[in-house]
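Structure file work-v1.cif (mmCIF, C-alpha atoms) is printed below.
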```cif
data_target
#
loop_
_atom_site.label_atom_id
_atom_site.label_comp_id
_atom_site.auth_asym_id
_atom_site.auth_seq_id
_atom_site.Cartn_x
_atom_site.Cartn_y
_atom_site.Cartn_z
CA MET A 1 48.22 112.11 132.90
CA SER A 2 46.99 108.62 132.20
CA SER A 3 46.99 107.44 128.61
CA VAL A 4 47.28 104.28 126.58
CA SER A 5 50.89 105.23 125.78
CA SER A 6 51.86 105.63 129.41
CA GLN A 7 50.12 102.39 130.33
CA GLN A 8 52.18 100.63 127.70
CA GLN A 9 55.42 102.17 128.90
CA PHE A 10 55.13 101.51 132.63
CA ARG A 11 53.97 98.83 134.97
CA TYR A 12 53.11 100.52 138.26
CA THR A 13 52.65 97.33 140.25
CA GLN A 14 56.35 96.48 140.21
CA THR A 15 58.67 97.05 143.16
CA PRO A 16 61.09 99.92 142.41
CA SER A 17 64.62 98.89 141.50
CA LYS A 18 67.72 100.81 140.48
CA VAL A 19 67.81 98.52 137.42
CA LEU A 20 65.39 99.45 134.62
CA HIS A 21 64.22 97.22 131.79
CA LEU A 22 63.97 98.93 128.37
CA ARG A 23 61.99 97.54 125.42
CA ASN A 24 61.44 98.45 121.76
CA LEU A 25 64.98 99.72 121.29
CA PRO A 26 66.44 100.17 117.79
CA TRP A 27 68.61 97.43 116.32
CA GLU A 28 72.05 97.11 117.90
CA CYS A 29 71.49 99.91 120.38
CA THR A 30 74.85 100.86 121.93
CA GLU A 31 75.88 101.41 125.52
CA GLU A 32 76.62 105.07 124.72
CA GLU A 33 72.98 105.56 123.66
CA LEU A 34 71.67 103.94 126.85
CA ILE A 35 73.93 106.04 129.05
CA GLU A 36 72.86 109.18 127.20
CA LEU A 37 69.18 108.31 127.77
CA GLY A 38 69.67 107.87 131.52
CA LYS A 39 72.19 110.67 132.09
CA PRO A 40 69.62 113.44 132.86
CA PHE A 41 68.41 111.43 135.85
CA GLY A 42 71.66 110.21 137.38
CA THR A 43 74.75 108.10 136.90
CA VAL A 44 74.39 104.90 134.88
CA VAL A 45 76.90 102.46 136.39
CA ASN A 46 76.17 99.39 134.28
CA THR A 47 74.29 98.28 131.17
CA LYS A 48 73.32 95.13 129.34
CA CYS A 49 72.60 95.67 125.66
CA ASN A 50 70.89 93.76 122.84
CA VAL A 51 68.88 91.39 125.04
CA GLY A 52 66.09 89.19 123.72
CA ALA A 53 65.48 87.30 120.50
CA ASN A 54 65.20 90.50 118.49
CA LYS A 55 68.01 92.20 120.40
CA ASN A 56 65.76 95.19 121.04
CA GLN A 57 65.78 95.10 124.84
CA ALA A 58 68.32 96.27 127.42
CA PHE A 59 68.91 96.90 131.12
CA ILE A 60 70.45 99.97 132.71
CA GLU A 61 71.54 100.22 136.33
CA PHE A 62 71.63 103.55 138.16
CA GLU A 63 73.94 104.45 141.01
CA ASP A 64 71.05 104.56 143.48
CA LEU A 65 67.34 103.80 143.62
CA ASN A 66 66.09 107.40 143.64
CA GLN A 67 67.67 108.06 140.25
CA ALA A 68 65.80 105.13 138.70
CA ILE A 69 62.53 106.24 140.34
CA GLN A 70 63.05 109.74 138.99
CA MET A 71 63.40 108.46 135.42
CA ILE A 72 60.32 106.25 135.67
CA SER A 73 58.26 109.04 137.26
CA PHE A 74 59.32 111.61 134.68
CA TYR A 75 58.27 109.58 131.65
CA ALA A 76 55.11 108.33 133.39
CA SER A 77 53.84 111.92 133.63
CA SER A 78 55.35 113.28 130.41
CA SER A 79 53.50 113.63 127.12
CA GLU A 80 56.84 113.01 125.36
CA PRO A 81 57.94 109.35 125.53
CA ALA A 82 61.51 108.20 125.99
CA GLN A 83 63.13 107.81 122.58
CA VAL A 84 66.32 106.40 121.04
CA ARG A 85 66.95 107.17 117.38
CA GLY A 86 63.34 108.33 117.06
CA LYS A 87 61.84 105.09 118.40
CA THR A 88 59.63 105.13 121.48
CA VAL A 89 61.26 103.16 124.29
CA TYR A 90 59.12 101.45 126.94
CA LEU A 91 60.42 101.52 130.52
CA GLN A 92 59.71 99.46 133.61
CA TYR A 93 61.45 98.41 136.81
CA SER A 94 63.46 95.22 136.54
CA ASN A 95 62.98 92.25 138.85
CA ARG A 96 66.72 92.28 139.53
CA GLN A 97 68.41 94.75 141.86
CA GLU A 98 71.72 94.83 139.99
CA ILE A 99 73.28 93.75 136.73
CA VAL A 100 75.64 90.90 137.55
CA ASN A 101 78.72 89.73 135.64
CA ASN A 102 78.39 92.20 132.84
CA LYS A 103 81.22 94.31 131.53
CA THR A 104 80.50 97.74 130.15
CA ALA A 105 81.70 98.59 126.66
CA ALA A 106 84.42 100.67 128.27
CA ASP A 107 85.90 97.47 129.75
CA VAL A 108 85.66 95.31 126.63
CA VAL A 109 88.80 95.56 124.53
CA GLY A 110 88.09 96.64 120.95
CA ASN A 111 89.64 98.34 117.94
CA VAL A 112 87.68 101.59 118.38
CA LEU A 113 88.49 104.06 121.15
CA LEU A 114 86.13 106.59 122.69
CA VAL A 115 88.20 109.70 123.38
CA THR A 116 87.05 112.58 125.56
CA VAL A 117 89.10 115.76 125.17
CA GLU A 118 89.18 117.67 128.45
CA GLY A 119 90.14 121.31 128.89
CA GLU A 120 88.75 124.82 128.49
CA ASP A 121 89.58 124.84 124.77
CA ALA A 122 88.79 121.18 124.09
CA ARG A 123 86.42 122.04 121.23
CA MET A 124 89.27 123.82 119.42
CA VAL A 125 91.29 120.61 119.10
CA SER A 126 90.98 119.71 115.42
CA ILE A 127 90.52 116.28 113.95
CA ASP A 128 93.95 116.68 112.33
CA VAL A 129 95.59 117.05 115.74
CA LEU A 130 93.84 113.90 116.96
CA HIS A 131 95.01 112.07 113.86
CA LEU A 132 98.62 113.12 114.50
CA VAL A 133 98.45 112.00 118.13
CA PHE A 134 96.94 108.57 117.50
CA SER A 135 98.87 107.84 114.30
CA ALA A 136 101.99 107.50 116.43
CA PHE A 137 100.73 104.03 117.41
CA GLY A 138 99.57 102.68 114.07
CA PHE A 139 97.48 103.37 111.02
CA VAL A 140 94.26 105.18 111.93
CA HIS A 141 91.39 104.02 109.73
CA LYS A 142 88.67 106.49 110.67
CA ILE A 143 87.90 109.32 113.10
CA THR A 144 84.57 110.94 113.94
CA THR A 145 84.14 113.81 116.37
CA PHE A 146 81.00 114.97 118.16
CA GLU A 147 79.79 116.87 121.20
CA LYS A 148 77.80 115.23 123.99
CA THR A 149 76.94 116.19 127.54
CA ALA A 150 80.22 114.55 128.54
CA GLY A 151 82.01 117.13 126.38
CA TYR A 152 83.95 117.07 123.13
CA GLN A 153 84.51 113.45 122.11
CA ALA A 154 85.89 111.41 119.25
CA LEU A 155 85.80 107.82 118.05
CA VAL A 156 89.16 106.62 116.72
CA GLN A 157 89.24 103.37 114.74
CA PHE A 158 92.37 101.23 114.41
CA SER A 159 92.78 98.05 112.41
CA ASP A 160 92.92 95.82 115.49
CA ALA A 161 92.38 95.82 119.24
CA GLU A 162 96.10 95.39 119.98
CA THR A 163 96.98 98.71 118.35
CA ALA A 164 94.05 100.43 120.05
CA THR A 165 95.16 99.05 123.43
CA SER A 166 98.69 100.34 122.89
CA ALA A 167 97.35 103.83 122.12
CA ARG A 168 94.99 103.79 125.09
CA THR A 169 97.66 102.64 127.52
CA SER A 170 100.08 105.35 126.40
CA LEU A 171 97.69 108.28 125.99
CA ASP A 172 94.96 107.89 128.61
CA GLY A 173 95.29 110.76 131.07
CA ARG A 174 98.05 112.44 129.04
CA SER A 175 98.03 115.98 127.68
CA ILE A 176 98.19 116.75 123.97
CA PRO A 177 101.69 118.15 123.22
CA SER A 178 101.53 121.94 123.12
CA TYR A 179 103.42 122.12 119.81
CA LEU A 180 100.51 120.35 118.09
CA LEU A 181 97.95 122.89 119.29
CA PRO A 182 97.29 126.37 117.92
CA GLU A 183 98.96 129.13 119.89
CA GLU A 184 95.67 130.33 121.39
CA VAL A 185 94.59 126.89 122.67
CA SER A 186 95.35 126.03 126.29
CA GLN A 187 96.38 122.60 127.58
CA CYS A 188 94.00 119.73 126.79
CA SER A 189 94.12 116.17 128.13
CA LEU A 190 92.71 112.87 126.88
CA LYS A 191 90.39 110.45 128.66
CA ILE A 192 90.17 107.19 126.71
CA THR A 193 87.96 104.11 126.98
CA TYR A 194 86.96 101.38 124.53
CA SER A 195 83.88 101.79 122.37
CA ALA A 196 81.34 99.13 121.47
CA HIS A 197 81.70 100.10 117.81
CA THR A 198 83.89 98.04 115.51
CA ASP A 199 83.54 99.88 112.17
CA LEU A 200 82.65 103.57 111.95
CA THR A 201 80.49 104.93 109.14
CA VAL A 202 81.95 108.02 107.45
CA LYS A 203 80.03 109.44 104.49
CA PHE A 204 82.07 112.61 103.87
CA GLN A 205 85.57 113.89 104.48
CA SER A 206 85.00 116.92 106.69
CA HIS A 207 86.30 118.79 109.72
CA ARG A 208 84.26 116.40 111.91
CA SER A 209 84.86 113.02 110.27
CA ARG A 210 87.57 111.34 108.19
CA ASP A 211 87.99 107.98 106.49
CA TYR A 212 91.71 107.53 105.82
CA THR A 213 91.10 104.25 103.97
CA ASN A 214 88.97 105.81 101.23
CA PRO A 215 90.44 108.85 99.45
CA TYR A 216 87.54 108.93 97.01
CA LEU A 217 84.88 109.97 99.50
CA PRO A 218 83.22 113.30 98.61
CA VAL A 219 84.42 116.36 100.49
CA ALA A 220 81.81 118.08 102.64
CA PRO A 221 81.31 121.87 102.28
CA SER A 222 82.72 122.31 105.80
CA ALA A 223 86.09 121.15 104.48
CA ILE A 224 86.27 123.97 101.94
CA ASP A 225 87.56 127.39 102.97
CA SER A 226 86.13 130.82 102.17
CA THR A 227 88.15 131.11 98.94
CA GLY A 228 86.62 127.93 97.56
CA GLN A 229 89.84 125.95 97.92
CA VAL A 230 89.67 122.43 99.28
CA ILE A 231 91.59 122.33 102.56
CA VAL A 232 91.36 118.54 102.94
CA GLY A 233 93.63 116.41 100.78
CA VAL A 234 92.80 113.09 99.14
CA ASP A 235 94.32 111.35 102.15
CA GLY A 236 91.71 113.01 104.39
CA ARG A 237 94.24 115.26 106.11
CA LYS A 238 93.97 119.02 106.29
CA MET A 239 96.32 120.73 103.86
CA GLU A 240 98.51 123.18 105.74
CA PRO A 241 99.03 126.56 103.97
CA GLU A 242 102.68 126.79 102.96
CA SER A 243 104.83 129.76 103.93
CA ASN A 244 108.41 130.97 103.59
CA VAL A 245 108.58 131.26 107.40
CA LEU A 246 108.81 128.12 109.54
CA LEU A 247 107.84 127.77 113.20
CA ALA A 248 110.17 125.30 114.91
CA SER A 249 109.45 123.87 118.36
CA ILE A 250 112.29 122.09 120.16
CA GLU A 251 111.48 119.14 122.39
CA ASN A 252 113.65 117.29 124.92
CA MET A 253 116.30 120.01 125.20
CA GLN A 254 119.04 118.23 127.09
CA TYR A 255 121.60 120.51 125.42
CA ALA A 256 121.36 124.21 124.70
CA VAL A 257 120.28 125.16 121.19
CA THR A 258 121.64 128.57 120.28
CA LEU A 259 120.68 130.84 117.43
CA ASP A 260 123.91 129.87 115.65
CA VAL A 261 123.08 126.17 115.94
CA LEU A 262 119.66 126.78 114.39
CA HIS A 263 121.21 128.80 111.60
CA THR A 264 123.65 125.98 110.83
CA VAL A 265 120.82 123.43 110.75
CA PHE A 266 118.41 125.40 108.57
CA ALA A 267 121.03 127.00 106.29
CA ALA A 268 121.81 123.52 104.96
CA PHE A 269 118.76 123.91 102.71
CA GLY A 270 119.18 127.49 101.54
CA ALA A 271 119.88 131.03 102.59
CA VAL A 272 118.33 131.86 105.96
CA GLN A 273 117.26 135.49 106.04
CA LYS A 274 116.10 135.91 109.62
CA ILE A 275 115.70 133.94 112.86
CA ALA A 276 113.80 134.90 116.02
CA MET A 277 113.89 132.68 119.13
CA PHE A 278 111.44 132.90 122.03
CA ASP A 279 110.21 130.89 125.01
CA LYS A 280 106.65 129.62 125.10
CA ASN A 281 104.74 127.05 127.17
CA GLY A 282 107.92 126.09 128.97
CA GLY A 283 109.80 125.31 125.76
CA VAL A 284 111.90 127.02 123.12
CA GLN A 285 110.51 127.95 119.73
CA ALA A 286 111.95 129.80 116.76
CA LEU A 287 110.78 131.47 113.57
CA ILE A 288 113.06 130.87 110.57
CA GLN A 289 112.59 132.96 107.43
CA TYR A 290 113.68 131.83 103.95
CA PRO A 291 113.54 133.98 100.82
CA ASP A 292 110.92 131.76 99.19
CA VAL A 293 108.28 129.15 100.02
CA GLN A 294 109.96 126.35 98.03
CA THR A 295 113.09 126.42 100.21
CA ALA A 296 110.97 126.37 103.37
CA VAL A 297 108.99 123.39 102.08
CA VAL A 298 112.20 121.43 101.42
CA ALA A 299 113.60 122.28 104.85
CA LYS A 300 110.37 121.35 106.63
CA GLY A 301 110.13 118.03 104.82
CA ALA A 302 113.71 117.10 105.69
CA LEU A 303 113.82 118.30 109.28
CA GLU A 304 110.39 117.57 110.73
CA GLY A 305 110.66 115.02 113.53
CA HIS A 306 114.45 114.80 113.40
CA CYS A 307 116.78 115.53 116.30
CA ILE A 308 119.64 118.01 116.32
CA TYR A 309 121.66 115.62 118.51
CA GLU A 310 121.76 111.84 118.47
CA GLY A 311 119.93 109.99 121.18
CA GLY A 312 116.61 111.80 120.65
CA PHE A 313 117.86 115.12 122.03
CA CYS A 314 116.53 118.47 120.81
CA LYS A 315 113.84 117.09 118.53
CA LEU A 316 112.41 119.47 115.93
CA HIS A 317 108.69 119.87 115.25
CA ILE A 318 108.08 122.22 112.36
CA THR A 319 104.97 123.90 111.00
CA TYR A 320 104.37 126.79 108.65
CA SER A 321 103.96 130.21 110.23
CA ARG A 322 101.39 132.82 109.25
CA HIS A 323 104.21 135.36 109.07
CA THR A 324 105.93 136.15 105.78
CA ASP A 325 108.46 138.79 106.85
CA LEU A 326 109.90 138.90 110.38
CA SER A 327 110.63 142.25 111.97
CA ILE A 328 114.04 142.03 113.65
CA LYS A 329 114.76 145.21 115.60
CA VAL A 330 118.24 144.28 116.85
CA ASN A 331 120.77 141.51 116.30
CA ASN A 332 121.47 139.60 119.51
CA ASP A 333 121.62 136.05 120.83
CA ARG A 334 117.84 135.59 120.36
CA SER A 335 117.16 137.29 117.03
CA ARG A 336 119.19 137.87 113.89
CA ASP A 337 118.65 139.50 110.50
CA TYR A 338 121.21 137.93 108.17
CA THR A 339 120.30 140.34 105.38
CA MET A 340 121.82 143.22 107.37
CA PRO A 341 125.50 143.99 106.66
CA ASP A 342 126.42 143.83 110.36
CA ALA A 343 124.60 140.57 111.06
CA ALA A 344 127.83 138.74 111.83
CA VAL A 345 129.27 141.31 114.23
CA ALA A 346 129.31 140.94 118.01
CA MET A 347 125.91 140.57 119.50
CA ALA A 348 124.16 143.58 120.96
CA PRO A 349 123.02 143.39 124.61
CA GLN A 350 119.84 141.43 125.20
CA PRO A 351 116.95 143.89 124.77
CA SER A 352 114.44 144.23 127.54
CA HIS A 353 111.62 144.80 125.06
CA ASN A 354 109.88 142.28 122.85
CA PRO A 355 111.16 142.21 119.24
CA TYR A 356 107.52 141.65 118.26
CA PRO A 357 105.77 144.45 120.18
CA GLY A 358 102.53 143.89 118.35
CA ASN A 359 102.08 140.49 119.94
CA SER A 360 103.95 140.34 123.19
CA GLN A 361 102.22 137.20 124.39
CA GLN A 362 103.20 135.25 121.30
CA TYR A 363 106.80 136.40 121.02
CA HIS A 364 108.15 136.89 124.51
CA ALA A 365 111.92 137.19 124.30
CA ALA A 366 113.28 135.25 127.25
CA GLY A 367 116.40 136.06 129.24
CA ALA A 368 119.33 133.75 129.83
CA SER A 369 118.65 130.11 129.12
CA HIS A 370 118.79 127.63 131.98
CA TYR A 371 120.65 125.25 129.68
CA GLN A 372 124.43 125.45 129.77
CA GLN A 373 125.58 127.24 126.64
CA GLN A 374 127.81 125.35 124.27
CA PRO A 375 130.86 126.92 122.63
CA GLN A 376 130.28 127.45 118.95
CA GLY A 377 131.43 124.34 117.19
CA GLY A 378 131.84 122.86 113.78
CA TRP A 379 128.63 121.17 112.70
CA GLY A 380 129.95 121.73 109.20
CA GLN A 381 127.48 123.45 106.97
CA SER A 382 126.45 121.81 103.74
CA GLY A 383 127.55 123.30 100.49
CA GLY A 384 124.21 124.93 99.82
CA GLN A 385 120.62 124.27 98.99
CA GLY A 386 119.90 120.73 97.93
CA HIS A 387 122.87 119.15 99.73
CA ASP A 388 122.15 116.40 102.19
CA PRO A 389 122.89 117.63 105.73
CA TYR A 390 122.90 114.08 107.05
CA MET A 391 125.83 112.76 105.07
CA ALA A 392 128.99 113.89 106.85
CA ALA A 393 129.47 113.20 110.55
CA PRO A 394 129.78 116.72 111.98
CA SER A 395 132.01 117.91 114.77
CA MET A 396 130.36 118.35 118.12
CA HIS A 397 129.57 121.13 120.55
CA GLN A 398 130.77 120.91 124.12
CA GLY A 399 127.93 119.59 126.27
CA PRO A 400 126.95 120.17 129.88
CA GLY A 401 129.54 119.20 132.47
CA GLY A 402 132.34 119.09 129.93
CA HIS A 403 130.91 116.00 128.19
CA MET A 404 130.51 115.81 124.47
CA PRO A 405 126.89 115.45 123.36
CA PRO A 406 126.08 113.02 120.57
CA HIS A 407 126.30 113.96 116.92
CA HIS A 408 123.78 116.29 115.34
CA TYR A 409 121.01 114.81 113.31
CA GLY A 410 120.98 111.46 114.92
CA GLY A 411 118.13 109.62 113.41
CA GLY A 412 114.58 110.16 112.38
CA PRO A 413 111.34 110.77 114.14
CA SER A 414 110.91 109.00 117.41
CA GLY A 415 108.08 106.64 118.12
CA PRO A 416 105.02 107.09 120.34
CA MET A 417 105.03 109.41 123.31
CA HIS A 418 106.28 107.84 126.50
#
```

The structure in this file should be written as structure tokens.
Amino acid sequence: MSSVSSQQQFRYTQTPSKVLHLRNLPWECTEEELIELGKPFGTVVNTKCNVGANKNQAFIEFEDLNQAIQMISFYASSSEPAQVRGKTVYLQYSNRQEIVNNKTAADVVGNVLLVTVEGEDARMVSIDVLHLVFSAFGFVHKITTFEKTAGYQALVQFSDAETATSARTSLDGRSIPSYLLPEEVSQCSLKITYSAHTDLTVKFQSHRSRDYTNPYLPVAPSAIDSTGQVIVGVDGRKMEPESNVLLASIENMQYAVTLDVLHTVFAAFGAVQKIAMFDKNGGVQALIQYPDVQTAVVAKGALEGHCIYEGGFCKLHITYSRHTDLSIKVNNDRSRDYTMPDAAVAMAPQPSHNPYPGNSQQYHAAGASHYQQQPQGGWGQSGGQGHDPYMAAPSMHQGPGGHMPPHHYGGGPSGPMH
């Protein structure tokens, strides 16, 4: 079809080139927008943005010539013109055969990272999880999430390029820690490049975008649950429903953590009613039940991110569980009901069945631990709820190989993932 529009968009007398010249682009068109425009026709290997006096022109370079020809041919015969942000874009072959000495936005160091979450359940990774991951390297100003043909992506804005570089160097190619993900979400990894953006625009606090520098932004309807309660706080973070049952994940287990050790740790804040330990995703987790929510809140606030042993060993990551009353069928070395009169008697043999038969995948009671068990030691318990468990230097359990492991509770949360 020949029309005035197509005659304006293409110049047929030019020699084909894998580099295309684009005109009439919107102001400050980004590399991501150019790549998205060319992606249906092939791989865009290089770009040059904001060319010309009005900065409304650009060049894109395809991997091979046929891909560029395909894009030109498609729009030459289509009644729908190429568009970016609703503006008609005019295409033609460039006189050059490649874009020389031009770095893509992905190579230019900046304060905003473009994060692609890879994995079968990538779209189930919440903005709150991303905030936790990247906050380990510095204050995160803003996050926006979106879905493109490349998959589930996010833009993460730091205050400066140095902080962004530190986060990219440490996290690119790494998997999100399993204890940060919901139980039903499989492993997800991060692919990180730099973005051409320098300051993200966030109009609402929602499940897709957050501005952590402005607590007064309105909350979008998507950030309100079915009961009408706001589930995003003034700091832009999702408010976690509190519970009297805590889910504790133990990281870097260089020494065995027994049920008695967990009881000693958590009983420092109040009466522990029940504990159930289980193995999941290659690590050890435990459910700890208190008689009330307030005690659980205090324990979580004090213990989250701390280590049972000095030197960063057996680090605790604690969230609230959806459970409110654990069902302990038998007292043994993996589960205990301290409200039962015989809770302190000798342990029953390890059951072959799951103490949570209704959800065998979630609560799989493991057999003998591969960590060397420690004799029950002092780790003197605090006088009761409200006492500081960090004050007195406790006695120590015997460690692997006859060596004494460091003291319990050695220091606060560790820094970024290594």

So which residues get picked by the PyMOL selection byres ((chain A and resi 289) around 12) here, written as a CSV table (one decimal) with C-alpha atoms, in the frame of the given file?
```
chain,number,residue,atom,x,y,z
A,243,SER,CA,104.8,129.8,103.9
A,244,ASN,CA,108.4,131.0,103.6
A,245,VAL,CA,108.6,131.3,107.4
A,246,LEU,CA,108.8,128.1,109.5
A,247,LEU,CA,107.8,127.8,113.2
A,248,ALA,CA,110.2,125.3,114.9
A,262,LEU,CA,119.7,126.8,114.4
A,263,HIS,CA,121.2,128.8,111.6
A,266,PHE,CA,118.4,125.4,108.6
A,267,ALA,CA,121.0,127.0,106.3
A,269,PHE,CA,118.8,123.9,102.7
A,270,GLY,CA,119.2,127.5,101.5
A,271,ALA,CA,119.9,131.0,102.6
A,272,VAL,CA,118.3,131.9,106.0
A,273,GLN,CA,117.3,135.5,106.0
A,274,LYS,CA,116.1,135.9,109.6
A,275,ILE,CA,115.7,133.9,112.9
A,276,ALA,CA,113.8,134.9,116.0
A,277,MET,CA,113.9,132.7,119.1
A,286,ALA,CA,112.0,129.8,116.8
A,287,LEU,CA,110.8,131.5,113.6
A,288,ILE,CA,113.1,130.9,110.6
A,290,TYR,CA,113.7,131.8,104.0
A,291,PRO,CA,113.5,134.0,100.8
A,292,ASP,CA,110.9,131.8,99.2
A,293,VAL,CA,108.3,129.2,100.0
A,294,GLN,CA,110.0,126.4,98.0
A,295,THR,CA,113.1,126.4,100.2
A,296,ALA,CA,111.0,126.4,103.4
A,297,VAL,CA,109.0,123.4,102.1
A,299,ALA,CA,113.6,122.3,104.8
A,300,LYS,CA,110.4,121.4,106.6
A,320,TYR,CA,104.4,126.8,108.6
A,321,SER,CA,104.0,130.2,110.2
A,322,ARG,CA,101.4,132.8,109.2
A,323,HIS,CA,104.2,135.4,109.1
A,324,THR,CA,105.9,136.2,105.8
A,325,ASP,CA,108.5,138.8,106.8
A,326,LEU,CA,109.9,138.9,110.4
A,327,SER,CA,110.6,142.2,112.0
A,328,ILE,CA,114.0,142.0,113.6
A,335,SER,CA,117.2,137.3,117.0
A,336,ARG,CA,119.2,137.9,113.9
A,337,ASP,CA,118.6,139.5,110.5
A,338,TYR,CA,121.2,137.9,108.2
A,339,THR,CA,120.3,140.3,105.4
```

Item to check | Residues matched by the PyMOL selection byres ((chain A and resi 200) around 8), written as a VMD selection string | outcome: chain A and resid 142 to 144 157 197 to 199 201 to 202

Checklist entry - Of the candidates A:Ile35, A:Leu259, A:Val185, A:Val140, which shows the shortest atom-to-atom distance to Val84 in chain A, using only C-alpha atoms? => result A:Ile35

Which residues would end up in the selection if the PyMOL selection byres ((chain A and resi 134) around 12) were applied here, given that I need the answer as a short mmCIF file (atom, residue, chain, number, x, y, z; two decimals) with C-alpha atoms, in the frame of the given file?
```cif
data_model
loop_
_atom_site.label_atom_id
_atom_site.label_comp_id
_atom_site.auth_asym_id
_atom_site.auth_seq_id
_atom_site.Cartn_x
_atom_site.Cartn_y
_atom_site.Cartn_z
CA VAL A 112 87.68 101.59 118.38
CA LEU A 113 88.49 104.06 121.15
CA VAL A 115 88.20 109.70 123.38
CA ILE A 127 90.52 116.28 113.95
CA ASP A 128 93.95 116.68 112.33
CA VAL A 129 95.59 117.05 115.74
CA LEU A 130 93.84 113.90 116.96
CA HIS A 131 95.01 112.07 113.86
CA LEU A 132 98.62 113.12 114.50
CA VAL A 133 98.45 112.00 118.13
CA SER A 135 98.87 107.84 114.30
CA ALA A 136 101.99 107.50 116.43
CA PHE A 137 100.73 104.03 117.41
CA GLY A 138 99.57 102.68 114.07
CA PHE A 139 97.48 103.37 111.02
CA VAL A 140 94.26 105.18 111.93
CA HIS A 141 91.39 104.02 109.73
CA LYS A 142 88.67 106.49 110.67
CA ILE A 143 87.90 109.32 113.10
CA ALA A 154 85.89 111.41 119.25
CA LEU A 155 85.80 107.82 118.05
CA VAL A 156 89.16 106.62 116.72
CA GLN A 157 89.24 103.37 114.74
CA PHE A 158 92.37 101.23 114.41
CA THR A 163 96.98 98.71 118.35
CA ALA A 164 94.05 100.43 120.05
CA THR A 165 95.16 99.05 123.43
CA SER A 166 98.69 100.34 122.89
CA ALA A 167 97.35 103.83 122.12
CA ARG A 168 94.99 103.79 125.09
CA THR A 169 97.66 102.64 127.52
CA SER A 170 100.08 105.35 126.40
CA LEU A 171 97.69 108.28 125.99
CA ASP A 172 94.96 107.89 128.61
CA ILE A 176 98.19 116.75 123.97
CA LEU A 190 92.71 112.87 126.88
CA ILE A 192 90.17 107.19 126.71
CA GLY A 415 108.08 106.64 118.12
CA PRO A 416 105.02 107.09 120.34
CA MET A 417 105.03 109.41 123.31
#
```

Next on the checklist: So the first atom is CA of Ile318 in chain A and the second is CA of Lys280 in chain A; what is the distance between them in Å, to one decimal place?
Outcome noted: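 For CA of Ile318 in chain A relative to CA of Lys280 in chain A, the distance reads 14.8 Å.
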
Checklist entry - So what do you get for CA of Val265 in chain A versus CA of Ile308 in chain A, distance-wise? => result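 These atoms are spaced 7.9 Å apart.
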
Item to check | Separation of CA of Glu120 in chain A from CA of Leu37 in chain A in Å | outcome: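 CA of Leu37 in chain A sits 25.6 Å away from CA of Glu120 in chain A.
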
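Distances from A:Leu22, A:Leu217, A:Val117, A:Ile60 to Gly38 in chain A were compared using all atoms listed in the file, and the smallest one belongs to A:Ile60.
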
Checklist outcome for this item: With distances taken over all atoms listed in the file, the candidate from A:Ser206, A:Lys39, A:Thr30, A:Ala161 nearest Lys148 in chain A is A:Lys39

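Distances here use only C-alpha atoms; by that measure, the residue among A:Asp160, A:Glu28, A:Arg96, A:Glu63 closest to Val109 in chain A is A:Asp160.
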
Checklist entry - Using all atoms listed in the file, which residue out of A:Pro26, A:Pro16, A:Gly86, A:Gly311 lies closest to Tyr255 in chain A? => result A:Gly311

Item to check | Nearest candidate to Val261 in chain A (options A:Asp333, A:Glu31, A:Glu304, A:Glu162; using all atoms listed in the file) | outcome: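 Among the listed residues, A:Asp333 lies closest to Val261 in chain A.
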